[in-house]
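Undergrad: Just so it is clear, I am handing over run_39.pdb, which has PDB, C-alpha atoms.
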```pdb
MODEL        1
ATOM      1  CA  MET A   1      20.104 -18.644 -46.090
ATOM      2  CA  GLN A   2      21.114 -19.033 -42.441
ATOM      3  CA  LEU A   3      24.110 -16.735 -42.978
ATOM      4  CA  LEU A   4      21.867 -14.099 -44.575
ATOM      5  CA  ARG A   5      19.526 -14.142 -41.552
ATOM      6  CA  LEU A   6      22.462 -13.829 -39.175
ATOM      7  CA  LYS A   7      23.854 -10.825 -41.110
ATOM      8  CA  TYR A   8      20.417  -9.187 -41.089
ATOM      9  CA  LEU A   9      20.086  -9.760 -37.338
ATOM     10  CA  PHE A  10      23.484  -8.165 -36.580
ATOM     11  CA  LEU A  11      22.766  -5.258 -38.937
ATOM     12  CA  SER A  12      19.378  -4.617 -37.263
ATOM     13  CA  ALA A  13      20.878  -4.792 -33.783
ATOM     14  CA  GLY A  14      23.600  -2.325 -34.812
ATOM     15  CA  PHE A  15      21.034   0.173 -36.148
ATOM     16  CA  MET A  16      18.941  -0.096 -32.980
ATOM     17  CA  LEU A  17      21.994   0.485 -30.788
ATOM     18  CA  MET A  18      22.999   3.560 -32.827
ATOM     19  CA  THR A  19      19.437   4.920 -32.600
ATOM     20  CA  VAL A  20      19.439   4.547 -28.825
ATOM     21  CA  LEU A  21      22.864   6.122 -28.420
ATOM     22  CA  ILE A  22      22.098   9.055 -30.713
ATOM     23  CA  GLY A  23      18.566   9.579 -29.347
ATOM     24  CA  CYS A  24      19.571   9.858 -25.688
ATOM     25  CA  LYS A  25      21.288  12.950 -24.500
ATOM     26  CA  LYS A  26      23.472  13.082 -21.451
ATOM     27  CA  GLY A  27      21.371  13.990 -18.427
ATOM     28  CA  ASP A  28      18.048  12.647 -19.777
ATOM     29  CA  GLY A  29      17.870  10.338 -16.760
ATOM     30  CA  SER A  30      17.739  13.286 -14.378
ATOM     31  CA  LEU A  31      14.908  15.141 -16.134
ATOM     32  CA  ASP A  32      11.483  15.431 -14.538
ATOM     33  CA  TYR A  33       9.122  12.791 -15.866
ATOM     34  CA  GLY A  34       5.981  10.949 -14.934
ATOM     35  CA  PHE A  35       2.857  12.066 -13.169
ATOM     36  CA  ALA A  36       2.770  13.092  -9.538
ATOM     37  CA  TYR A  37       0.110  10.883  -7.997
ATOM     38  CA  ILE A  38      -0.342  10.199  -4.295
ATOM     39  CA  TYR A  39      -1.277   6.656  -3.290
ATOM     40  CA  MET A  40      -1.058   4.024  -0.548
ATOM     41  CA  PRO A  41       1.597   1.415  -1.363
ATOM     42  CA  GLN A  42      -0.333  -1.153   0.712
ATOM     43  CA  SER A  43      -3.091  -1.096  -1.918
ATOM     44  CA  LEU A  44      -0.592  -2.689  -4.332
ATOM     45  CA  GLN A  45       0.444  -5.691  -2.220
ATOM     46  CA  SER A  46       1.159  -8.738  -4.361
ATOM     47  CA  GLY A  47      -0.597 -11.930  -3.467
ATOM     48  CA  ASN A  48      -3.672 -10.068  -2.266
ATOM     49  CA  THR A  49      -6.893  -9.670  -4.181
ATOM     50  CA  GLY A  50      -7.671  -6.048  -4.918
ATOM     51  CA  ILE A  51      -6.879  -3.628  -2.134
ATOM     52  CA  VAL A  52      -6.793  -6.074   0.785
ATOM     53  CA  TYR A  53      -3.784  -5.675   3.093
ATOM     54  CA  THR A  54      -3.627  -8.724   5.346
ATOM     55  CA  VAL A  55      -2.255  -8.400   8.883
ATOM     56  CA  PRO A  56      -0.121 -10.188   9.917
ATOM     57  CA  SER A  57       2.097 -10.427   6.879
ATOM     58  CA  GLY A  58       5.809 -11.153   6.815
ATOM     59  CA  TYR A  59       8.091 -14.008   7.780
ATOM     60  CA  ASP A  60       9.108 -13.137  11.332
ATOM     61  CA  SER A  61       9.081 -10.318  13.869
ATOM     62  CA  ALA A  62      11.667  -8.420  11.794
ATOM     63  CA  THR A  63       9.489  -8.388   8.667
ATOM     64  CA  TYR A  64       5.944  -8.267  10.070
ATOM     65  CA  ASN A  65       3.742  -5.417   8.851
ATOM     66  CA  TYR A  66       2.925  -4.489  12.428
ATOM     67  CA  LYS A  67       4.749  -3.828  15.666
ATOM     68  CA  ILE A  68       3.709  -4.062  19.296
ATOM     69  CA  ASP A  69       3.774  -0.851  21.345
ATOM     70  CA  THR A  70       3.992  -2.523  24.758
ATOM     71  CA  PRO A  71       3.969   0.632  26.942
ATOM     72  CA  ASN A  72       0.734   1.839  25.313
ATOM     73  CA  ASN A  73      -0.725  -1.665  24.795
ATOM     74  CA  LYS A  74      -1.242  -0.997  21.053
ATOM     75  CA  LEU A  75      -0.858  -2.980  17.869
ATOM     76  CA  ASP A  76       0.629  -0.520  15.330
ATOM     77  CA  ILE A  77      -0.106  -1.530  11.728
ATOM     78  CA  MET A  78       2.262   0.115   9.264
ATOM     79  CA  LEU A  79       0.691   2.093   6.442
ATOM     80  CA  GLY A  80       2.105   4.715   4.130
ATOM     81  CA  VAL A  81       1.675   7.570   1.710
ATOM     82  CA  LEU A  82       3.784   7.696  -1.444
ATOM     83  CA  ARG A  83       4.081  10.159  -4.332
ATOM     84  CA  SER A  84       4.991   8.849  -7.783
ATOM     85  CA  GLY A  85       6.928  10.583 -10.534
ATOM     86  CA  LYS A  86      10.398  12.092 -10.585
ATOM     87  CA  LEU A  87       9.682  15.677  -9.645
ATOM     88  CA  PRO A  88      10.973  18.130  -7.086
ATOM     89  CA  ASN A  89      10.091  16.734  -3.680
ATOM     90  CA  ASP A  90       7.920  19.563  -2.381
ATOM     91  CA  ALA A  91       6.192  19.088   0.967
ATOM     92  CA  PHE A  92       2.567  17.969   0.897
ATOM     93  CA  SER A  93      -0.058  16.598   3.244
ATOM     94  CA  VAL A  94      -3.035  14.311   2.880
ATOM     95  CA  ASP A  95      -5.981  13.600   5.181
ATOM     96  CA  ILE A  96      -6.741  10.091   6.448
ATOM     97  CA  ILE A  97     -10.326   8.818   6.742
ATOM     98  CA  THR A  98     -12.080   5.470   7.145
ATOM     99  CA  ASN A  99     -15.015   4.197   5.134
ATOM    100  CA  ALA A 100     -17.363   1.723   6.838
ATOM    101  CA  ASP A 101     -19.483   1.412   3.661
ATOM    102  CA  THR A 102     -16.557  -0.174   1.793
ATOM    103  CA  ILE A 103     -16.234  -2.881   4.464
ATOM    104  CA  ASN A 104     -19.977  -3.482   4.849
ATOM    105  CA  LYS A 105     -20.313  -3.917   1.078
ATOM    106  CA  ALA A 106     -17.282  -6.258   0.914
ATOM    107  CA  ILE A 107     -18.647  -8.370   3.784
ATOM    108  CA  ALA A 108     -22.078  -8.545   2.133
ATOM    109  CA  ASP A 109     -20.717  -9.634  -1.260
ATOM    110  CA  GLY A 110     -18.151 -12.036   0.246
ATOM    111  CA  SER A 111     -15.144 -10.445  -1.465
ATOM    112  CA  LEU A 112     -13.081 -10.423   1.747
ATOM    113  CA  VAL A 113     -13.380 -14.162   2.328
ATOM    114  CA  GLN A 114      -9.917 -15.596   1.756
ATOM    115  CA  ASN A 115     -10.531 -19.188   2.815
ATOM    116  CA  PRO A 116     -14.152 -20.297   2.320
ATOM    117  CA  ASP A 117     -13.388 -23.745   3.771
ATOM    118  CA  ALA A 118     -12.236 -22.177   7.044
ATOM    119  CA  GLY A 119     -15.486 -20.248   7.414
ATOM    120  CA  ASP A 120     -13.889 -16.795   7.673
ATOM    121  CA  ASN A 121     -15.769 -14.750  10.272
ATOM    122  CA  ILE A 122     -15.165 -11.187   9.042
ATOM    123  CA  ILE A 123     -16.460  -8.124  10.884
ATOM    124  CA  LEU A 124     -16.064  -4.360  10.671
ATOM    125  CA  LEU A 125     -13.405  -3.247  13.181
ATOM    126  CA  PRO A 126     -15.384  -1.098  15.651
ATOM    127  CA  GLU A 127     -14.457   2.606  15.627
ATOM    128  CA  GLY A 128     -13.534   2.799  19.301
ATOM    129  CA  TYR A 129     -10.941   0.032  18.931
ATOM    130  CA  TYR A 130      -8.413   2.025  16.862
ATOM    131  CA  THR A 131      -6.894   5.435  16.160
ATOM    132  CA  LEU A 132      -5.460   6.969  13.003
ATOM    133  CA  PRO A 133      -3.808  10.324  12.386
ATOM    134  CA  GLN A 134      -6.135  12.873  10.824
ATOM    135  CA  THR A 135      -3.385  14.140   8.510
ATOM    136  CA  VAL A 136      -0.070  12.791   7.256
ATOM    137  CA  ASN A 137       2.619  15.330   6.359
ATOM    138  CA  VAL A 138       5.360  14.484   3.876
ATOM    139  CA  PRO A 139       8.224  16.935   4.474
ATOM    140  CA  ASN A 140      10.091  18.917   1.854
ATOM    141  CA  GLY A 141      12.709  16.770   0.135
ATOM    142  CA  GLN A 142      10.765  13.528   0.724
ATOM    143  CA  TYR A 143       8.242  11.643  -1.399
ATOM    144  CA  GLN A 144       6.837   9.272   1.248
ATOM    145  CA  ALA A 145       5.792   8.976   4.875
ATOM    146  CA  THR A 146       4.734   6.182   7.204
ATOM    147  CA  PHE A 147       1.748   6.294   9.536
ATOM    148  CA  TYR A 148       0.090   3.762  11.827
ATOM    149  CA  LEU A 149      -3.329   2.288  12.377
ATOM    150  CA  SER A 150      -3.076   1.791  16.160
ATOM    151  CA  VAL A 151      -5.405  -0.841  17.603
ATOM    152  CA  ASP A 152      -5.972  -1.361  21.323
ATOM    153  CA  ILE A 153      -4.677  -4.860  22.127
ATOM    154  CA  ASN A 154      -7.151  -5.597  24.938
ATOM    155  CA  GLN A 155     -10.106  -4.713  22.722
ATOM    156  CA  LEU A 156      -8.615  -6.637  19.798
ATOM    157  CA  LYS A 157      -8.343  -9.773  21.945
ATOM    158  CA  THR A 158     -12.127  -9.690  22.425
ATOM    159  CA  LEU A 159     -12.406 -10.410  18.684
ATOM    160  CA  SER A 160     -10.701 -13.801  18.952
ATOM    161  CA  GLY A 161     -11.849 -16.170  16.205
ATOM    162  CA  LYS A 162     -12.622 -13.302  13.845
ATOM    163  CA  LYS A 163     -10.978 -11.230  11.139
ATOM    164  CA  ALA A 164     -11.543  -7.503  11.616
ATOM    165  CA  ALA A 165     -11.522  -5.127   8.642
ATOM    166  CA  VAL A 166     -11.244  -1.355   8.263
ATOM    167  CA  ALA A 167     -10.974   0.681   5.037
ATOM    168  CA  VAL A 168      -8.349   3.427   5.307
ATOM    169  CA  SER A 169      -8.453   6.127   2.628
ATOM    170  CA  LEU A 170      -6.465   9.157   1.563
ATOM    171  CA  THR A 171      -8.303  12.379   0.773
ATOM    172  CA  ASN A 172      -7.823  16.118   0.372
ATOM    173  CA  PRO A 173      -4.175  16.349  -0.759
ATOM    174  CA  SER A 174      -2.598  19.779  -0.240
ATOM    175  CA  LYS A 175      -0.579  19.348  -3.447
ATOM    176  CA  TYR A 176      -0.442  16.871  -6.334
ATOM    177  CA  GLN A 177      -3.319  14.515  -7.164
ATOM    178  CA  LEU A 178      -4.639  11.268  -5.679
ATOM    179  CA  ASN A 179      -4.369   8.042  -7.628
ATOM    180  CA  SER A 180      -8.041   7.135  -7.189
ATOM    181  CA  ALA A 181      -7.437   3.426  -7.856
ATOM    182  CA  ASN A 182      -4.873   3.148  -5.059
ATOM    183  CA  SER A 183      -5.904   5.694  -2.449
ATOM    184  CA  GLU A 184      -7.847   3.211  -0.305
ATOM    185  CA  THR A 185      -6.652   0.070   1.470
ATOM    186  CA  ILE A 186      -8.735  -2.534   3.263
ATOM    187  CA  VAL A 187      -6.779  -3.625   6.323
ATOM    188  CA  LEU A 188      -7.855  -7.170   7.229
ATOM    189  CA  ILE A 189      -6.612  -8.252  10.672
ATOM    190  CA  ASN A 190      -6.504 -11.965  11.383
ATOM    191  CA  VAL A 191      -6.738 -11.693  15.169
ATOM    192  CA  ASP A 192      -5.799 -15.298  15.950
ATOM    193  CA  ALA A 193      -2.681 -15.164  13.745
ATOM    194  CA  LEU A 194      -1.171 -12.199  15.606
ATOM    195  CA  GLN A 195       1.586 -12.648  18.177
ATOM    196  CA  LEU A 196      -0.021 -10.566  20.907
ATOM    197  CA  PRO A 197       1.408 -10.215  24.431
TER     198      PRO A 197
ENDMDL
END
```
Can you turn what I pasted into structure tokens?

TA:
Amino acid sequence: MQLLRLKYLFLSAGFMLMTVLIGCKKGDGSLDYGFAYIYMPQSLQSGNTGIVYTVPSGYDSATYNYKIDTPNNKLDIMLGVLRSGKLPNDAFSVDIITNADTINKAIADGSLVQNPDAGDNIILLPEGYYTLPQTVNVPNGQYQATFYLSVDINQLKTLSGKKAAVAVSLTNPSKYQLNSANSETIVLINVDALQLP
């Protein structure tokens, strides 16, 4: 009985291997496939709930998700635009906007609270404290681009003891389509955890 099962297992494995080898043609791996969707990779961060992108994140200054622009006294938070699918890498652009309603709703329903015991004090990052590019351009031959949420360090220091949040969204792509589930990221800045100069 055991020998019969073993023979059946080897025979099944052999048929599956032949099916795979016969079914795949040389060059199938280089064919265009998938859907071309534009999204923010930060909206997919593991360990976070939903679309929350916590700053700081990383193990040390080499892996932090921000950098300090000392000459301009700015905290530059790294964000990005990415296009999925294996297609020709044609140039495209996408506009960047913020959405205060997303943050106000999340504060009201408590969904941004990460540590209830610590009494998270979460506020909307005031508009005058930061800058964002209006548009991000992804050049021909590329499928991604990085951009920065630049926050004034002096103004950020006035928020000591708080976590400041801003919702950054992609809109109006010049080509391809937005992945609506991953085109917005809530950036949640833990001011006291930053290594500010």

Undergrad: In the coordinates of the file, take the point (1.7, -8.9, 14.1) and a cut-off of 8 Å; then, counting all atoms listed in the file, name each qualifying protein, DNA or RNA residue as a ChimeraX atom specification.

TA: /A:55-57,61,64-68,75,77,193-196

Undergrad: For Pro139 (chain A), which residue among A:Ser84, A:Asn172, A:Ser160, A:Ser93 is the nearest when counting all atoms listed in the file?

TA: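 Closest residue, counting all atoms listed in the file: A:Ser93.
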
Undergrad: How far is it from CA of Ala164 (chain A) to CA of Ser180 (chain A), in Å with one decimal?

TA: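 So the answer is 24.1 Å.
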
Undergrad: Which one is closest to Asp76 (chain A): A:Ala145, A:Ile51, A:Ala181, A:Leu156? Count all atoms listed in the file.

TA: A:Leu156

Undergrad: The PyMOL selection byres ((chain A and resi 188) around 7) on the file shown: which residues, as number ranges by chain?

TA: A: 52-55, 163-166, 186-187, 189-190

Undergrad: Using all atoms listed in the file, list the residues that have an atom at most 12 Å from (-10.8, 3.7, 7.8), coordinates as in the file, as a PDB file with C-alpha atoms, in the coordinates of the input.

TA:
```pdb
ATOM      1  CA  LEU A  79       0.691   2.093   6.442  1.00  0.00           C
ATOM      2  CA  ASP A  95      -5.981  13.600   5.181  1.00  0.00           C
ATOM      3  CA  ILE A  96      -6.741  10.091   6.448  1.00  0.00           C
ATOM      4  CA  ILE A  97     -10.326   8.818   6.742  1.00  0.00           C
ATOM      5  CA  THR A  98     -12.080   5.470   7.145  1.00  0.00           C
ATOM      6  CA  ASN A  99     -15.015   4.197   5.134  1.00  0.00           C
ATOM      7  CA  ALA A 100     -17.363   1.723   6.838  1.00  0.00           C
ATOM      8  CA  ASP A 101     -19.483   1.412   3.661  1.00  0.00           C
ATOM      9  CA  THR A 102     -16.557  -0.174   1.793  1.00  0.00           C
ATOM     10  CA  ILE A 103     -16.234  -2.881   4.464  1.00  0.00           C
ATOM     11  CA  LEU A 124     -16.064  -4.360  10.671  1.00  0.00           C
ATOM     12  CA  LEU A 125     -13.405  -3.247  13.181  1.00  0.00           C
ATOM     13  CA  PRO A 126     -15.384  -1.098  15.651  1.00  0.00           C
ATOM     14  CA  GLU A 127     -14.457   2.606  15.627  1.00  0.00           C
ATOM     15  CA  GLY A 128     -13.534   2.799  19.301  1.00  0.00           C
ATOM     16  CA  TYR A 129     -10.941   0.032  18.931  1.00  0.00           C
ATOM     17  CA  TYR A 130      -8.413   2.025  16.862  1.00  0.00           C
ATOM     18  CA  THR A 131      -6.894   5.435  16.160  1.00  0.00           C
ATOM     19  CA  LEU A 132      -5.460   6.969  13.003  1.00  0.00           C
ATOM     20  CA  PRO A 133      -3.808  10.324  12.386  1.00  0.00           C
ATOM     21  CA  GLN A 134      -6.135  12.873  10.824  1.00  0.00           C
ATOM     22  CA  TYR A 148       0.090   3.762  11.827  1.00  0.00           C
ATOM     23  CA  LEU A 149      -3.329   2.288  12.377  1.00  0.00           C
ATOM     24  CA  SER A 150      -3.076   1.791  16.160  1.00  0.00           C
ATOM     25  CA  ALA A 164     -11.543  -7.503  11.616  1.00  0.00           C
ATOM     26  CA  ALA A 165     -11.522  -5.127   8.642  1.00  0.00           C
ATOM     27  CA  VAL A 166     -11.244  -1.355   8.263  1.00  0.00           C
ATOM     28  CA  ALA A 167     -10.974   0.681   5.037  1.00  0.00           C
ATOM     29  CA  VAL A 168      -8.349   3.427   5.307  1.00  0.00           C
ATOM     30  CA  SER A 169      -8.453   6.127   2.628  1.00  0.00           C
ATOM     31  CA  LEU A 170      -6.465   9.157   1.563  1.00  0.00           C
ATOM     32  CA  THR A 171      -8.303  12.379   0.773  1.00  0.00           C
ATOM     33  CA  SER A 183      -5.904   5.694  -2.449  1.00  0.00           C
ATOM     34  CA  GLU A 184      -7.847   3.211  -0.305  1.00  0.00           C
ATOM     35  CA  THR A 185      -6.652   0.070   1.470  1.00  0.00           C
ATOM     36  CA  ILE A 186      -8.735  -2.534   3.263  1.00  0.00           C
ATOM     37  CA  VAL A 187      -6.779  -3.625   6.323  1.00  0.00           C
ATOM     38  CA  LEU A 188      -7.855  -7.170   7.229  1.00  0.00           C
TER      39      LEU A 188
END
```

Undergrad: For Asn73 (chain A), which of A:Ala91, A:Ser43, A:Lys157, A:Lys175 is the closest residue, counting all atoms listed in the file?

TA: A:Lys157

Undergrad: Which value, in Å to one decimal, gives the distance between CA of Met40 (chain A) and CA of Asn179 (chain A)?

TA: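 Atom-to-atom, CA of Met40 (chain A) and CA of Asn179 (chain A) are spaced 8.8 Å apart.
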
Undergrad: List, as a PyMOL selection string, every residue that the PyMOL selection byres ((chain A and resi 152) around 6) selects in the file provided.

TA: chain A and resi 74+129+151+153-155

Undergrad: With C-alpha atoms retained, export the selected residues as a PDB file, in the coordinates of the input.

TA:
```pdb
ATOM      1  CA  LYS A  74      -1.242  -0.997  21.053  1.00  0.00           C
ATOM      2  CA  TYR A 129     -10.941   0.032  18.931  1.00  0.00           C
ATOM      3  CA  VAL A 151      -5.405  -0.841  17.603  1.00  0.00           C
ATOM      4  CA  ILE A 153      -4.677  -4.860  22.127  1.00  0.00           C
ATOM      5  CA  ASN A 154      -7.151  -5.597  24.938  1.00  0.00           C
ATOM      6  CA  GLN A 155     -10.106  -4.713  22.722  1.00  0.00           C
TER       7      GLN A 155
END
```

Undergrad: Take the PyMOL selection byres ((chain A and resi 80) around 9), run it mentally on this structure, and tell me the resulting residues as a tab-separated table (two decimals) with C-alpha atoms, in the frame of the given file.

TA:
```tsv
chain	number	residue	atom	x	y	z
A	39	TYR	CA	-1.28	6.66	-3.29
A	40	MET	CA	-1.06	4.02	-0.55
A	41	PRO	CA	1.60	1.42	-1.36
A	42	GLN	CA	-0.33	-1.15	0.71
A	78	MET	CA	2.26	0.12	9.26
A	79	LEU	CA	0.69	2.09	6.44
A	81	VAL	CA	1.68	7.57	1.71
A	82	LEU	CA	3.78	7.70	-1.44
A	136	VAL	CA	-0.07	12.79	7.26
A	144	GLN	CA	6.84	9.27	1.25
A	145	ALA	CA	5.79	8.98	4.88
A	146	THR	CA	4.73	6.18	7.20
A	147	PHE	CA	1.75	6.29	9.54
A	148	TYR	CA	0.09	3.76	11.83
```

Undergrad: Work out how far apart CA of Val191 (chain A) and CA of Gly58 (chain A) are and give it in Å to one decimal.

TA: 15.1 Å

Undergrad: Could you give me the axis-aligned bounding box of region 171-186 of chain A, with 4 Å of padding per side, as centre plus edge lengths in Å to one decimal, as lines of an AutoDock Vina configuration file?

TA:
```
center_x = -4.6
center_y = 8.6
center_z = -2.3
size_x = 16.3
size_y = 30.3
size_z = 19.1
```

Undergrad: Quick one: of A:Thr158, A:Arg83, A:Ile123, A:Val113, who's nearest to Asn137 (chain A), counting all atoms listed in the file?

TA: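 Residue with the minimum atom-to-atom distance to Asn137 (chain A): A:Arg83.
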
Undergrad: Will you model N, CA and C atoms for region 47-67 of chain A and pass it back as an mmCIF file, keeping the file's coordinate frame?

TA:
```cif
data_model
loop_
_atom_site.group_PDB
_atom_site.id
_atom_site.type_symbol
_atom_site.label_atom_id
_atom_site.label_comp_id
_atom_site.auth_asym_id
_atom_site.auth_seq_id
_atom_site.Cartn_x
_atom_site.Cartn_y
_atom_site.Cartn_z
ATOM 1 N N GLY A 47 -0.054 -10.773 -4.165
ATOM 2 C CA GLY A 47 -0.597 -11.930 -3.467
ATOM 3 C C GLY A 47 -1.953 -11.657 -2.853
ATOM 4 N N ASN A 48 -2.349 -10.400 -2.797
ATOM 5 C CA ASN A 48 -3.672 -10.068 -2.266
ATOM 6 C C ASN A 48 -4.626 -9.803 -3.412
ATOM 7 N N THR A 49 -5.898 -9.982 -3.167
ATOM 8 C CA THR A 49 -6.893 -9.670 -4.181
ATOM 9 C C THR A 49 -7.353 -8.242 -3.976
ATOM 10 N N GLY A 50 -7.223 -7.436 -5.004
ATOM 11 C CA GLY A 50 -7.671 -6.048 -4.918
ATOM 12 C C GLY A 50 -6.852 -5.244 -3.941
ATOM 13 N N ILE A 51 -7.531 -4.568 -3.031
ATOM 14 C CA ILE A 51 -6.879 -3.628 -2.134
ATOM 15 C C ILE A 51 -6.764 -4.166 -0.715
ATOM 16 N N VAL A 52 -6.821 -5.480 -0.549
ATOM 17 C CA VAL A 52 -6.793 -6.074 0.785
ATOM 18 C C VAL A 52 -5.347 -6.202 1.271
ATOM 19 N N TYR A 53 -5.098 -5.650 2.450
ATOM 20 C CA TYR A 53 -3.784 -5.675 3.093
ATOM 21 C C TYR A 53 -3.926 -6.528 4.343
ATOM 22 N N THR A 54 -3.443 -7.758 4.278
ATOM 23 C CA THR A 54 -3.627 -8.724 5.346
ATOM 24 C C THR A 54 -2.606 -8.524 6.462
ATOM 25 N N VAL A 55 -3.094 -8.519 7.694
ATOM 26 C CA VAL A 55 -2.255 -8.400 8.883
ATOM 27 C C VAL A 55 -2.525 -9.625 9.746
ATOM 28 N N PRO A 56 -1.539 -10.428 10.128
ATOM 29 C CA PRO A 56 -0.121 -10.188 9.917
ATOM 30 C C PRO A 56 0.323 -10.639 8.531
ATOM 31 N N SER A 57 1.420 -10.048 8.100
ATOM 32 C CA SER A 57 2.097 -10.427 6.879
ATOM 33 C C SER A 57 3.580 -10.282 7.149
ATOM 34 N N GLY A 58 4.371 -11.148 6.581
ATOM 35 C CA GLY A 58 5.809 -11.153 6.815
ATOM 36 C C GLY A 58 6.236 -12.515 7.310
ATOM 37 N N TYR A 59 7.547 -12.697 7.436
ATOM 38 C CA TYR A 59 8.091 -14.008 7.780
ATOM 39 C C TYR A 59 8.416 -14.170 9.261
ATOM 40 N N ASP A 60 8.753 -13.073 9.912
ATOM 41 C CA ASP A 60 9.108 -13.137 11.332
ATOM 42 C C ASP A 60 8.955 -11.746 11.929
ATOM 43 N N SER A 61 9.295 -11.594 13.191
ATOM 44 C CA SER A 61 9.081 -10.318 13.869
ATOM 45 C C SER A 61 9.848 -9.170 13.218
ATOM 46 N N ALA A 62 10.904 -9.477 12.468
ATOM 47 C CA ALA A 62 11.667 -8.420 11.794
ATOM 48 C C ALA A 62 10.996 -7.944 10.511
ATOM 49 N N THR A 63 10.125 -8.760 9.941
ATOM 50 C CA THR A 63 9.489 -8.388 8.667
ATOM 51 C C THR A 63 7.975 -8.249 8.758
ATOM 52 N N TYR A 64 7.392 -8.421 9.940
ATOM 53 C CA TYR A 64 5.944 -8.267 10.070
ATOM 54 C C TYR A 64 5.519 -6.847 9.673
ATOM 55 N N ASN A 65 4.278 -6.721 9.227
ATOM 56 C CA ASN A 65 3.742 -5.417 8.851
ATOM 57 C C ASN A 65 3.056 -4.725 10.033
ATOM 58 N N TYR A 66 3.422 -5.131 11.213
ATOM 59 C CA TYR A 66 2.925 -4.489 12.428
ATOM 60 C C TYR A 66 4.020 -4.547 13.481
ATOM 61 N N LYS A 67 3.861 -3.738 14.510
ATOM 62 C CA LYS A 67 4.749 -3.828 15.666
ATOM 63 C C LYS A 67 3.904 -3.649 16.923
#
```
